[in-house]
Each structure stands twice: as structure tokens, then as C-alpha cells.
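Source file structure_6.pdb; content: PDB, C-alpha atoms.
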ATOM      1  CA  MET N   1     147.025  -4.612  57.420
ATOM      2  CA  LEU N   2     148.828  -2.465  54.868
ATOM      3  CA  ASN N   3     152.426  -3.027  53.946
ATOM      4  CA  ALA N   4     154.438  -0.049  55.174
ATOM      5  CA  ALA N   5     155.765   0.463  51.629
ATOM      6  CA  LEU N   6     152.258   1.357  50.445
ATOM      7  CA  LEU N   7     151.787   4.225  52.875
ATOM      8  CA  GLY N   8     152.223   7.845  51.852
ATOM      9  CA  LYS N   9     151.016   7.403  48.260
ATOM     10  CA  GLY N  10     148.166   9.887  48.407
ATOM     11  CA  TYR N  11     145.477   7.358  49.241
ATOM     12  CA  GLN N  12     142.301   9.152  50.226
ATOM     13  CA  PHE N  13     138.518   9.273  50.027
ATOM     14  CA  TRP N  14     136.135  12.212  49.700
ATOM     15  CA  MET N  15     132.352  12.337  49.594
ATOM     16  CA  ARG N  16     129.801  15.014  50.554
ATOM     17  CA  GLY N  17     132.310  17.103  52.467
ATOM     18  CA  LEU N  18     133.976  14.241  54.341
ATOM     19  CA  HIS N  19     137.678  13.849  53.594
ATOM     20  CA  ALA N  20     139.400  10.666  54.785
ATOM     21  CA  THR N  21     143.170  10.197  54.793
ATOM     22  CA  LYS N  22     145.800   8.062  56.527
ATOM     23  CA  LEU N  23     144.864   4.704  55.057
ATOM     24  CA  ALA N  24     145.346   1.987  57.678
ATOM     25  CA  GLU N  25     143.838  -1.224  56.314
ATOM     26  CA  ILE N  26     142.387  -2.897  53.236
ATOM     27  CA  THR N  27     140.062  -5.888  53.449
ATOM     28  CA  ASP N  28     137.413  -7.718  51.445
ATOM     29  CA  ASP N  29     135.517  -8.911  54.540
ATOM     30  CA  PRO N  30     132.171  -7.072  55.062
ATOM     31  CA  ARG N  31     132.151  -8.166  58.701
ATOM     32  CA  ARG N  32     134.951  -5.680  59.378
ATOM     33  CA  LEU N  33     132.495  -2.841  58.714
ATOM     34  CA  ASN N  34     130.779  -3.568  62.030
ATOM     35  CA  ASP N  35     133.728  -2.321  64.123
ATOM     36  CA  GLY N  36     132.609   1.339  64.239
ATOM     37  CA  ASN N  37     135.575   2.705  62.262
ATOM     38  CA  PHE N  38     135.392   4.781  59.081
ATOM     39  CA  TRP N  39     135.509   2.571  56.003
ATOM     40  CA  ALA N  40     135.500   3.675  52.384
ATOM     41  CA  VAL N  41     133.489   1.157  50.394
ATOM     42  CA  LEU N  42     133.955  -0.072  46.844
ATOM     43  CA  ALA N  43     131.848  -3.061  45.814
ATOM     44  CA  THR N  44     132.112  -3.988  42.149
ATOM     45  CA  PHE N  45     129.122  -4.904  40.019
ATOM     46  CA  GLU N  46     130.297  -8.519  40.126
ATOM     47  CA  GLY N  47     130.378  -8.492  43.938
ATOM     48  CA  LYS N  48     134.068  -8.099  44.755
ATOM     49  CA  TYR N  49     134.545  -6.050  47.915
ATOM     50  CA  HIS N  50     137.257  -3.484  48.607
ATOM     51  CA  PHE N  51     136.995  -1.834  52.032
ATOM     52  CA  ALA N  52     139.550   0.766  53.115
ATOM     53  CA  ARG N  53     139.846   1.904  56.734
ATOM     54  CA  PHE N  54     141.058   5.466  57.134
ATOM     55  CA  LYS N  55     142.255   6.915  60.438
ATOM     56  CA  LYS N  56     141.802  10.648  59.807
ATOM     57  CA  ILE N  57     138.376  12.012  58.860
ATOM     58  CA  VAL N  58     137.635  15.727  58.635
ATOM     59  CA  GLU N  59     134.935  17.902  57.129
ATOM     60  CA  ALA N  60     136.673  19.805  54.363
ATOM     61  CA  PRO N  61     136.430  20.764  50.688
ATOM     62  CA  PHE N  62     138.144  18.457  48.268
ATOM     63  CA  PRO N  63     141.798  19.546  47.776
ATOM     64  CA  GLN N  64     141.745  20.999  44.275
ATOM     65  CA  GLN N  65     144.217  19.750  41.656
ATOM     66  CA  SER N  66     144.840  20.609  38.008
ATOM     67  CA  TRP N  67     143.774  18.452  35.063
ATOM     68  CA  LYS N  68     145.217  18.386  31.551
ATOM     69  CA  ARG N  69     142.418  17.671  29.104
ATOM     70  CA  LEU N  70     142.651  14.439  27.139
ATOM     71  CA  GLU N  71     143.082  14.606  23.382
ATOM     72  CA  ARG N  72     142.828  11.108  21.903
ATOM     73  CA  PRO N  73     139.426   9.664  20.869
ATOM     74  CA  TRP N  74     137.613   7.393  23.290
ATOM     75  CA  LYS N  75     137.030   3.772  22.299
ATOM     76  CA  THR N  76     133.817   1.902  23.038
ATOM     77  CA  SER N  77     133.449  -1.746  24.018
ATOM     78  CA  MET N  78     130.347  -1.906  21.811
ATOM     79  CA  GLU N  79     129.818   0.017  18.580
ATOM     80  CA  MET N  80     126.345   1.309  17.782
ATOM     81  CA  ILE N  81     125.426  -1.668  15.590
ATOM     82  CA  ASP N  82     126.484  -4.101  18.305
ATOM     83  CA  TYR N  83     124.652  -2.214  21.043
ATOM     84  CA  ILE N  84     121.480  -2.155  18.952
ATOM     85  CA  SER N  85     121.826  -5.906  18.404
ATOM     86  CA  TYR N  86     122.189  -6.316  22.194
ATOM     87  CA  ILE N  87     118.927  -4.400  22.661
ATOM     88  CA  HIS N  88     117.153  -6.665  20.178
ATOM     89  CA  GLN N  89     118.383  -9.723  22.084
ATOM     90  CA  ILE N  90     116.995  -8.263  25.303
ATOM     91  CA  ARG N  91     113.633  -7.563  23.674
ATOM     92  CA  GLU N  92     113.506 -11.152  22.434
ATOM     93  CA  SER N  93     114.093 -12.347  26.006
ATOM     94  CA  ILE N  94     111.323 -10.047  27.193
ATOM     95  CA  ALA N  95     108.973 -11.409  24.521
ATOM     96  CA  ALA N  96     109.788 -14.934  25.690
ATOM     97  CA  GLY N  97     108.865 -13.993  29.264
ATOM     98  CA  ASP N  98     112.395 -14.526  30.626
ATOM     99  CA  VAL N  99     112.932 -10.969  31.867
ATOM    100  CA  TYR N 100     111.092  -7.632  32.111
ATOM    101  CA  GLN N 101     113.907  -5.107  32.075
ATOM    102  CA  VAL N 102     117.695  -5.130  31.572
ATOM    103  CA  ASN N 103     120.174  -2.313  32.042
ATOM    104  CA  ALA N 104     122.421  -2.603  28.989
ATOM    105  CA  CYS N 105     125.849  -1.001  29.371
ATOM    106  CA  ARG N 106     129.016  -0.395  27.429
ATOM    107  CA  GLU N 107     132.458   0.820  28.459
ATOM    108  CA  LEU N 108     134.404   3.742  27.044
ATOM    109  CA  SER N 109     138.181   3.695  27.407
ATOM    110  CA  HIS N 110     140.983   6.177  26.777
ATOM    111  CA  PHE N 111     144.731   5.490  26.709
ATOM    112  CA  MET N 112     146.374   8.089  28.961
ATOM    113  CA  GLY N 113     149.983   7.483  27.975
ATOM    114  CA  ASP N 114     152.964   6.110  29.831
ATOM    115  CA  LYS N 115     152.585   8.607  32.679
ATOM    116  CA  PRO N 116     148.843   8.708  33.483
ATOM    117  CA  GLN N 117     147.461  11.688  35.329
ATOM    118  CA  ASP N 118     146.134  11.391  38.844
ATOM    119  CA  LEU N 119     142.321  11.532  38.764
ATOM    120  CA  SER N 120     142.173  14.035  41.603
ATOM    121  CA  GLY N 121     142.514  16.748  38.957
ATOM    122  CA  LEU N 122     139.634  15.308  36.945
ATOM    123  CA  PHE N 123     137.514  15.095  40.082
ATOM    124  CA  SER N 124     138.285  18.757  40.808
ATOM    125  CA  GLU N 125     136.923  19.621  37.361
ATOM    126  CA  ILE N 126     133.856  17.418  37.934
ATOM    127  CA  LEU N 127     133.017  19.242  41.156
ATOM    128  CA  ARG N 128     133.265  22.543  39.297
ATOM    129  CA  ALA N 129     131.448  21.668  36.073
ATOM    130  CA  ASN N 130     129.146  18.799  37.056
ATOM    131  CA  PRO N 131     128.227  18.971  40.752
ATOM    132  CA  ALA N 132     126.387  15.820  41.787
ATOM    133  CA  PRO N 133     124.766  14.844  45.098
ATOM    134  CA  PHE N 134     126.920  11.732  45.509
ATOM    135  CA  ALA N 135     130.135  12.881  43.841
ATOM    136  CA  SER N 136     133.077  11.003  45.348
ATOM    137  CA  TYR N 137     136.762  10.321  44.921
ATOM    138  CA  LEU N 138     138.622   7.208  46.022
ATOM    139  CA  LYS N 139     142.272   6.295  45.685
ATOM    140  CA  ILE N 140     143.441   3.004  47.160
ATOM    141  CA  PRO N 141     145.889   0.354  45.952
ATOM    142  CA  ASP N 142     144.791  -0.882  42.480
ATOM    143  CA  PHE N 143     141.907   1.596  42.104
ATOM    144  CA  GLU N 144     141.404   5.289  41.515
ATOM    145  CA  ILE N 145     137.854   6.528  41.004
ATOM    146  CA  ALA N 146     136.345   9.936  40.223
ATOM    147  CA  SER N 147     132.570   9.740  40.330
ATOM    148  CA  ALA N 148     129.794  12.219  39.584
ATOM    149  CA  SER N 149     127.050   9.845  40.664
ATOM    150  CA  PRO N 150     123.591  11.373  41.013
ATOM    151  CA  GLU N 151     122.106   8.195  42.500
ATOM    152  CA  ARG N 152     121.756   7.044  46.086
ATOM    153  CA  PHE N 153     122.138   3.297  46.451
ATOM    154  CA  LEU N 154     121.748   3.043  50.217
ATOM    155  CA  SER N 155     121.845   5.628  52.979
ATOM    156  CA  ARG N 156     121.754   4.503  56.593
ATOM    157  CA  ASP N 157     121.029   6.514  59.722
ATOM    158  CA  GLY N 158     120.848   4.195  62.718
ATOM    159  CA  GLU N 159     118.320   1.530  61.817
ATOM    160  CA  LYS N 160     116.696   3.596  59.056
ATOM    161  CA  ILE N 161     117.702   2.787  55.494
ATOM    162  CA  ILE N 162     116.719   4.419  52.200
ATOM    163  CA  SER N 163     117.350   3.695  48.527
ATOM    164  CA  SER N 164     116.591   6.122  45.701
ATOM    165  CA  PRO N 165     116.792   4.342  42.322
ATOM    166  CA  ILE N 166     116.944   6.397  39.158
ATOM    167  CA  LYS N 167     115.032   5.086  36.173
ATOM    168  CA  GLY N 168     114.054   7.432  33.389
ATOM    169  CA  THR N 169     116.174  10.081  31.667
ATOM    170  CA  ILE N 170     115.194  13.031  29.466
ATOM    171  CA  ARG N 171     117.065  16.074  28.181
ATOM    172  CA  TRP N 172     117.262  19.079  30.487
ATOM    173  CA  ASN N 173     114.879  21.082  28.273
ATOM    174  CA  GLN N 174     112.176  18.402  28.169
ATOM    175  CA  GLU N 175     109.376  18.549  30.725
ATOM    176  CA  THR N 176     107.568  15.215  30.826
ATOM    177  CA  PHE N 177     108.521  11.556  31.096
ATOM    178  CA  GLY N 178     106.871   8.944  28.891
ATOM    179  CA  GLU N 179     104.993   5.862  30.036
ATOM    180  CA  LYS N 180     108.033   3.720  29.228
ATOM    181  CA  ASP N 181     110.107   5.646  31.784
ATOM    182  CA  LYS N 182     107.423   5.380  34.458
ATOM    183  CA  ALA N 183     106.905   1.658  33.852
ATOM    184  CA  GLU N 184     110.643   1.047  34.045
ATOM    185  CA  ASN N 185     110.921   3.064  37.257
ATOM    186  CA  LEU N 186     108.067   1.135  38.821
ATOM    187  CA  MET N 187     109.694  -2.208  37.967
ATOM    188  CA  ILE N 188     112.887  -1.212  39.789
ATOM    189  CA  VAL N 189     110.939   0.207  42.747
ATOM    190  CA  ASP N 190     109.289  -3.195  43.163
ATOM    191  CA  LEU N 191     112.666  -4.928  42.863
ATOM    192  CA  MET N 192     114.286  -2.665  45.462
ATOM    193  CA  ARG N 193     111.335  -3.084  47.819
ATOM    194  CA  ASN N 194     111.873  -6.824  47.621
ATOM    195  CA  ASP N 195     115.654  -6.514  48.154
ATOM    196  CA  ILE N 196     115.355  -4.194  51.144
ATOM    197  CA  SER N 197     112.551  -6.215  52.685
ATOM    198  CA  GLN N 198     114.972  -9.104  53.142
ATOM    199  CA  VAL N 199     116.900  -7.139  55.785
ATOM    200  CA  CYS N 200     114.178  -4.909  57.252
ATOM    201  CA  GLU N 201     111.480  -5.337  59.869
ATOM    202  CA  PRO N 202     108.290  -6.829  58.402
ATOM    203  CA  GLY N 203     105.882  -4.133  57.319
ATOM    204  CA  SER N 204     108.435  -1.299  57.639
ATOM    205  CA  VAL N 205     109.342  -0.922  53.961
ATOM    206  CA  GLU N 206     107.439   1.768  52.088
ATOM    207  CA  VAL N 207     107.738   3.891  48.960
ATOM    208  CA  SER N 208     107.983   7.385  50.405
ATOM    209  CA  ALA N 209     108.280   9.128  47.014
ATOM    210  CA  LEU N 210     107.300   7.880  43.564
ATOM    211  CA  PHE N 211     108.287   9.475  40.256
ATOM    212  CA  ARG N 212     109.904  12.640  41.567
ATOM    213  CA  GLN N 213     112.086  14.593  39.134
ATOM    214  CA  GLU N 214     115.720  15.558  39.714
ATOM    215  CA  LYS N 215     117.544  17.984  37.435
ATOM    216  CA  HIS N 216     121.251  17.475  36.736
ATOM    217  CA  PRO N 217     123.627  19.084  34.212
ATOM    218  CA  GLY N 218     122.156  18.393  30.773
ATOM    219  CA  ILE N 219     119.530  15.869  31.917
ATOM    220  CA  THR N 220     116.534  15.267  34.170
ATOM    221  CA  HIS N 221     116.020  11.971  36.006
ATOM    222  CA  LEU N 222     112.951  10.172  37.315
ATOM    223  CA  VAL N 223     113.619   9.048  40.894
ATOM    224  CA  SER N 224     111.748   7.151  43.611
ATOM    225  CA  ASP N 225     112.524   6.596  47.304
ATOM    226  CA  ILE N 226     112.135   3.330  49.234
ATOM    227  CA  GLU N 227     112.608   3.373  53.010
ATOM    228  CA  GLY N 228     112.660   0.753  55.731
ATOM    229  CA  THR N 229     113.777  -0.113  59.263
ATOM    230  CA  LEU N 230     116.624  -2.604  59.495
ATOM    231  CA  HIS N 231     116.074  -5.773  61.487
ATOM    232  CA  PRO N 232     118.298  -5.635  64.618
ATOM    233  CA  ASP N 233     120.160  -8.809  63.625
ATOM    234  CA  MET N 234     121.235  -7.539  60.208
ATOM    235  CA  GLN N 235     124.919  -6.876  59.516
ATOM    236  CA  TRP N 236     126.560  -5.299  56.488
ATOM    237  CA  LEU N 237     127.259  -8.715  55.005
ATOM    238  CA  ASP N 238     123.497  -9.398  55.019
ATOM    239  CA  ILE N 239     122.705  -6.003  53.509
ATOM    240  CA  PHE N 240     125.158  -6.418  50.639
ATOM    241  CA  GLN N 241     124.003  -9.962  49.933
ATOM    242  CA  ALA N 242     120.385  -8.814  49.757
ATOM    243  CA  THR N 243     120.872  -5.726  47.611
ATOM    244  CA  MET N 244     123.954  -6.083  45.384
ATOM    245  CA  PRO N 245     124.273  -5.347  42.580
ATOM    246  CA  PRO N 246     121.950  -2.318  42.610
ATOM    247  CA  GLY N 247     118.633  -3.067  40.946
ATOM    248  CA  SER N 248     118.560   0.100  38.863
ATOM    249  CA  VAL N 249     121.687  -0.952  36.962
ATOM    250  CA  SER N 250     120.930  -4.658  36.640
ATOM    251  CA  GLY N 251     117.276  -5.333  35.827
ATOM    252  CA  ALA N 252     114.209  -7.315  36.779
ATOM    253  CA  PRO N 253     114.042 -10.093  37.713
ATOM    254  CA  LYS N 254     117.605  -9.497  38.841
ATOM    255  CA  SER N 255     118.919 -13.048  38.375
ATOM    256  CA  ALA N 256     117.647 -13.260  34.798
ATOM    257  CA  ALA N 257     118.965  -9.789  33.955
ATOM    258  CA  LEU N 258     122.416 -10.660  35.317
ATOM    259  CA  SER N 259     122.555 -13.769  33.121
ATOM    260  CA  ILE N 260     121.812 -11.680  30.032
ATOM    261  CA  ILE N 261     124.363  -9.025  31.005
ATOM    262  CA  GLU N 262     127.063 -11.645  31.514
ATOM    263  CA  LYS N 263     126.270 -13.267  28.166
ATOM    264  CA  TYR N 264     126.247 -10.171  25.974
ATOM    265  CA  GLU N 265     128.437  -7.455  27.493
ATOM    266  CA  GLY N 266     131.676  -9.374  27.091
ATOM    267  CA  ASN N 267     133.653  -7.825  29.933
ATOM    268  CA  GLN N 268     133.194  -7.235  33.635
ATOM    269  CA  ARG N 269     131.850  -3.836  34.641
ATOM    270  CA  GLY N 270     134.092  -3.681  37.710
ATOM    271  CA  PRO N 271     133.546  -0.501  39.771
ATOM    272  CA  TYR N 272     131.018   0.802  37.245
ATOM    273  CA  CYS N 273     127.459   0.071  38.428
ATOM    274  CA  GLY N 274     128.756  -1.154  41.765
ATOM    275  CA  ALA N 275     128.506   0.646  45.114
ATOM    276  CA  LEU N 276     130.791   3.493  46.181
ATOM    277  CA  GLY N 277     130.762   5.403  49.444
ATOM    278  CA  TYR N 278     131.450   4.910  53.120
ATOM    279  CA  VAL N 279     130.299   3.173  56.281
ATOM    280  CA  HIS N 280     130.968   4.722  59.677
ATOM    281  CA  GLY N 281     129.353   2.804  62.514
ATOM    282  CA  ASP N 282     125.584   2.883  61.974
ATOM    283  CA  ARG N 283     125.855   5.696  59.418
ATOM    284  CA  ALA N 284     126.460   5.135  55.716
ATOM    285  CA  GLU N 285     126.259   6.831  52.328
ATOM    286  CA  LEU N 286     126.574   4.507  49.348
ATOM    287  CA  ALA N 287     126.076   5.666  45.772
ATOM    288  CA  VAL N 288     125.451   3.665  42.637
ATOM    289  CA  ALA N 289     128.751   4.084  40.793
ATOM    290  CA  ILE N 290     127.372   5.582  37.586
ATOM    291  CA  ARG N 291     128.754   8.691  35.807
ATOM    292  CA  THR N 292     132.068   7.331  36.988
ATOM    293  CA  PHE N 293     135.654   7.384  35.711
ATOM    294  CA  TRP N 294     138.134   4.814  37.005
ATOM    295  CA  THR N 295     141.602   3.385  36.523
ATOM    296  CA  THR N 296     143.138   0.107  37.644
ATOM    297  CA  GLY N 297     146.816   0.796  37.001
ATOM    298  CA  ASP N 298     146.949  -0.218  33.332
ATOM    299  CA  LYS N 299     147.255   3.319  31.837
ATOM    300  CA  TYR N 300     143.631   3.357  30.643
ATOM    301  CA  LEU N 301     140.920   5.672  31.883
ATOM    302  CA  ARG N 302     137.472   4.080  31.768
ATOM    303  CA  TYR N 303     133.919   5.380  31.846
ATOM    304  CA  GLY N 304     130.677   3.390  31.716
ATOM    305  CA  THR N 305     127.342   4.320  30.214
ATOM    306  CA  GLY N 306     124.072   2.465  29.733
ATOM    307  CA  ALA N 307     120.301   2.515  29.378
ATOM    308  CA  GLY N 308     117.385   0.535  30.750
ATOM    309  CA  ILE N 309     115.788  -1.687  28.119
ATOM    310  CA  THR N 310     112.118  -2.712  28.208
ATOM    311  CA  TRP N 311     109.752  -4.095  25.593
ATOM    312  CA  GLY N 312     108.843  -0.494  24.716
ATOM    313  CA  SER N 313     112.428   0.530  24.006
ATOM    314  CA  ASP N 314     113.432   2.046  20.693
ATOM    315  CA  ALA N 315     116.975   0.850  19.964
ATOM    316  CA  MET N 316     118.252   4.093  18.435
ATOM    317  CA  ASN N 317     116.779   6.161  21.271
ATOM    318  CA  GLU N 318     118.479   3.915  23.822
ATOM    319  CA  TRP N 319     121.821   4.266  22.045
ATOM    320  CA  GLU N 320     121.397   8.026  22.092
ATOM    321  CA  GLU N 321     120.603   7.865  25.830
ATOM    322  CA  THR N 322     123.988   6.214  26.435
ATOM    323  CA  GLN N 323     125.581   9.038  24.435
ATOM    324  CA  LEU N 324     123.620  11.657  26.378
ATOM    325  CA  LYS N 325     124.755  10.226  29.716
ATOM    326  CA  ALA N 326     128.389  10.261  28.609
ATOM    327  CA  ARG N 327     128.610  13.459  26.582
ATOM    328  CA  HIS N 328     128.817  16.077  29.330
ATOM    329  CA  LEU N 329     131.311  14.273  31.554
ATOM    330  CA  ILE N 330     133.492  13.226  28.631
ATOM    331  CA  SER N 331     133.583  16.899  27.597
ATOM    332  CA  ILE N 332     135.040  17.664  31.047
ATOM    333  CA  ALA N 333     137.722  14.976  30.785
ATOM    334  CA  GLY N 334     138.537  15.768  27.159
ATOM    335  CA  GLY N 335     138.880  13.562  24.113
ATOM    336  CA  GLU N 336     136.423  12.850  21.325
ATOM    337  CA  LEU N 337     133.386  10.681  22.109
TER     338      LEU N 337
END

Would you encode the structure as C-alpha cells?
Amino acid sequence: MLNAALLGKGYQFWMRGLHATKLAEITDDPRRLNDGNFWAVLATFEGKYHFARFKKIVEAPFPQQSWKRLERPWKTSMEMIDYISYIHQIRESIAAGDVYQVNACRELSHFMGDKPQDLSGLFSEILRANPAPFASYLKIPDFEIASASPERFLSRDGEKIISSPIKGTIRWNQETFGEKDKAENLMIVDLMRNDISQVCEPGSVEVSALFRQEKHPGITHLVSDIEGTLHPDMQWLDIFQATMPPGSVSGAPKSAALSIIEKYEGNQRGPYCGALGYVHGDRAELAVAIRTFWTTGDKYLRYGTGAGITWGSDAMNEWEETQLKARHLISIAGGEL
């Protein structure tokens, strides 16, 4: 249970019109999600769980706050030359048959000064300038997150479960996706089918949509949908163990991709590329935490960006894709990219 001294600090969660307040409990035990209460969910890319039980849940717009634009330049965990080298290492691993696809990421960071702003103002600006289907805001002890995620990780309605991985990105004014994008999408569809099948009834998992296009501010994504019926014995612990981290932001095969990511990225991704959303009884909405800003109490604002690397990847194009995915949201926050 929460220490009484932590109450009243503006802790809250918002996603898709649901606003949760009155934080009552924090735990890292997925078994607690089976109690029927409303739980905000943050699972990091590395598999650390942060579940927050809120007592008051209402349908309401997000309470708007002001945001002072940032001015200092953003720093990157990997300069262009280093990111390109990372891509070449991945392609060598693909050539050796060790892996088929790896999502290669880097982290942008911005020092916010001795009195950092609350991210509720930034999230207000995101909702205005970059509406996203899985936009969400979470503030709990040690974490504050403002996300403009376009990607469904897992949605649950009773025993029905669906995942909608994004793989493939083009500019908003382009019309067609290349064969590289389609091949990459298909790899992750197969991976997610395998992940979901571990917790679903045999024969119930199907690809209900393949290669559909979704338009978002500045970009168009290639998206597929995988659906299944959960096995009656499956709990949230089983679901997380089978599916985390999300396949679209790790790679295929997942175990090999994770080894490469750990070796070359140099720092933990944390909330970025993890899962963010809520569980409420047998209902859930969990997004892949991409297009996401976060803080951890150290006066730095962080933002992650990445690209899926296959044998057909052009290193400079992949670097530019990471820039493309960051450019619009960084322009909302302020500061030079």
C-alpha cells in the first residue's frame, strides 16, 4: 500500500477518455491485476512491472495544462555514425543467419533545469497537435509519461484479445509501401501469432487484417491485426510472459533480437517500447509505448525513436526514419533535434 505521505501529489492516469485518480496502491505483481479493480499498467521493455490501482475512474477529457516550450538542444544516445554502424552490425547478424529483423532504437534526452515542468502540460499539447489512438498520460511515484502512441499492443474484451503491430513507415504524402516494409510487417505478424498462441485456445488465433494503412500526423503506418480467444486458465502473468516485450519493437526471432539490442544500445530503454495502458477486470487497453516522452525524477526529459532493420535496409534511410518519427513530437515539446 502507499505511504500516506505520497498521496495528494497529482498522481493520475488518462487514456481514451478514461481518467483515473485517487491512487491507492503500487505493486509489481501481475497477479494483483486479477482482482477486478482498475489498474494503470507500465511494463518496461526490460520487463519491470509497475501497476497502479486507482480508486476513482470517470469518463472525462484530460484536464488541460499549460506547457512552456523547451529551448535547449536535444542530445542523442547514438550519433548518426554510431547508429549506422549499429545497422551494419545487425545486417551482419542477419547474413550469418542469427536473426531476421531487429528494431534498433536510440534515446533523445533534454535537461529541463532545476525545476522541471510537469508533463501534463506537454500531454495537453500532444492531444491538440498530435492526436493518437492510444495517447495516454501516467504520473505515479518515480515515473511521469506523456505518450502519443499510435500502436495497440493488446486489447482485451472478455476472452477476446487483439494485437495490432505497426511495421512500415512512409511520409504522409507517399502512397505506397515497399516490399521491405511488407516483409518486415509479415515477420512481426508471424512473431505475434506465435506469442499470442501461447495463451489462446488452439486454432483461435487468426490474422484478421494484413497490411492496412493508418495515417497519423506527418506519417503513414502499415498495420496488421492478430486476434485470438484466451484460454480460460490464462492470467495476466501468463499473458505478459508470453508477449513481452512487444514483438514490433524487439525483432524476430525475439530472443536473438533482444541479445543484439542489449549488446549494442548501451542503455536500458525503460518505459520506451514497453507496454502502457490499463487493466480493469476482463477489459484492457495496452499500447506499445512508442512516440513517448518520460521522466524518472532526474530532471531529464526523454524520448525514444527507432526503426526496424532487415537485410534490405538502407542505413541512411533508417536513420532518417528515426528522425521522421521524432521530428513532429519534438517540435511540440520544443528544443532543437

Write out as a PyMOL selection string each polymer residue whose atoms come within 12 Å of Ser93 in chain N, counting all atoms listed in the file; drop sequence neighbours fewer than 4 positions from it.
-> chain N and resi 86-89+97-102+252-253+256-257+259-261+309-311

Counting all atoms listed in the file, which residues in range 131-175 of chain N sit no more than 10 Å from range 323-332 of chain N? For each one, give the nearest pair of atoms and the distance in Å, sorted by chain then residue number, as CSV.
residue,atom,partner,partner_atom,distance
N:Ser147,CA,N:Leu329,CA,10.0
N:Ala148,CA,N:Leu329,CA,8.4
N:Thr169,CA,N:Lys325,CA,8.8
N:Ile170,CA,N:Leu324,CA,9.1
N:Arg171,CA,N:Leu324,CA,8.1

Pick out the closest residue to His221 in chain N from this set: N:Val58, N:Ile166, N:Leu42, N:Met244. Count only C-alpha atoms.
->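 Looking only at the distances to His221 in chain N, the closest residue turns out to be N:Ile166.
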
Min atom-atom distance to Asp35 in chain N from the set N:Gly335, N:Gly306, N:Pro63, N:Gly281, counting all atoms listed in the file, belongs to N:Gly281

Choose the residue, out of N:Gln241, N:Thr229, N:Ser85, N:Asn173, that has the smallest atom-to-atom separation from Asp195 in chain N; count all atoms listed in the file.
->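 Looking at the shortest contact to Asp195 in chain N, the residue is N:Gln241.
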
Of the listed residues N:Glu321, N:Asp282, N:Gly334, N:Phe177, that which approaches Gly36 in chain N most closely, counting all atoms listed in the file = N:Asp282

Kindly resolve the PyMOL selection byres ((chain N and resi 200-213) around 8) on the present coordinates and return the residues as a PDB file with C-alpha atoms, in the coordinates of the input.
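Once written, expr.pdb looks like this:
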ATOM      1  CA  LYS N 182     107.423   5.380  34.458  1.00  0.00           C
ATOM      2  CA  ASN N 185     110.921   3.064  37.257  1.00  0.00           C
ATOM      3  CA  VAL N 189     110.939   0.207  42.747  1.00  0.00           C
ATOM      4  CA  ARG N 193     111.335  -3.084  47.819  1.00  0.00           C
ATOM      5  CA  ILE N 196     115.355  -4.194  51.144  1.00  0.00           C
ATOM      6  CA  SER N 197     112.551  -6.215  52.685  1.00  0.00           C
ATOM      7  CA  GLN N 198     114.972  -9.104  53.142  1.00  0.00           C
ATOM      8  CA  VAL N 199     116.900  -7.139  55.785  1.00  0.00           C
ATOM      9  CA  GLU N 214     115.720  15.558  39.714  1.00  0.00           C
ATOM     10  CA  LYS N 215     117.544  17.984  37.435  1.00  0.00           C
ATOM     11  CA  THR N 220     116.534  15.267  34.170  1.00  0.00           C
ATOM     12  CA  HIS N 221     116.020  11.971  36.006  1.00  0.00           C
ATOM     13  CA  LEU N 222     112.951  10.172  37.315  1.00  0.00           C
ATOM     14  CA  VAL N 223     113.619   9.048  40.894  1.00  0.00           C
ATOM     15  CA  SER N 224     111.748   7.151  43.611  1.00  0.00           C
ATOM     16  CA  ASP N 225     112.524   6.596  47.304  1.00  0.00           C
ATOM     17  CA  ILE N 226     112.135   3.330  49.234  1.00  0.00           C
ATOM     18  CA  GLU N 227     112.608   3.373  53.010  1.00  0.00           C
ATOM     19  CA  GLY N 228     112.660   0.753  55.731  1.00  0.00           C
ATOM     20  CA  THR N 229     113.777  -0.113  59.263  1.00  0.00           C
ATOM     21  CA  LEU N 230     116.624  -2.604  59.495  1.00  0.00           C
ATOM     22  CA  HIS N 231     116.074  -5.773  61.487  1.00  0.00           C
TER      23      HIS N 231
END

Residues in the PyMOL selection byres ((chain N and resi 131) around 12), expressed as number ranges by chain = N: 15-16, 123-130, 132-136, 147-150, 215-218, 291, 328-329, 332

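Reported to one decimal place, the separation of CA of Gln64 in chain N from CA of Ala43 in chain N is 26.1 Å.
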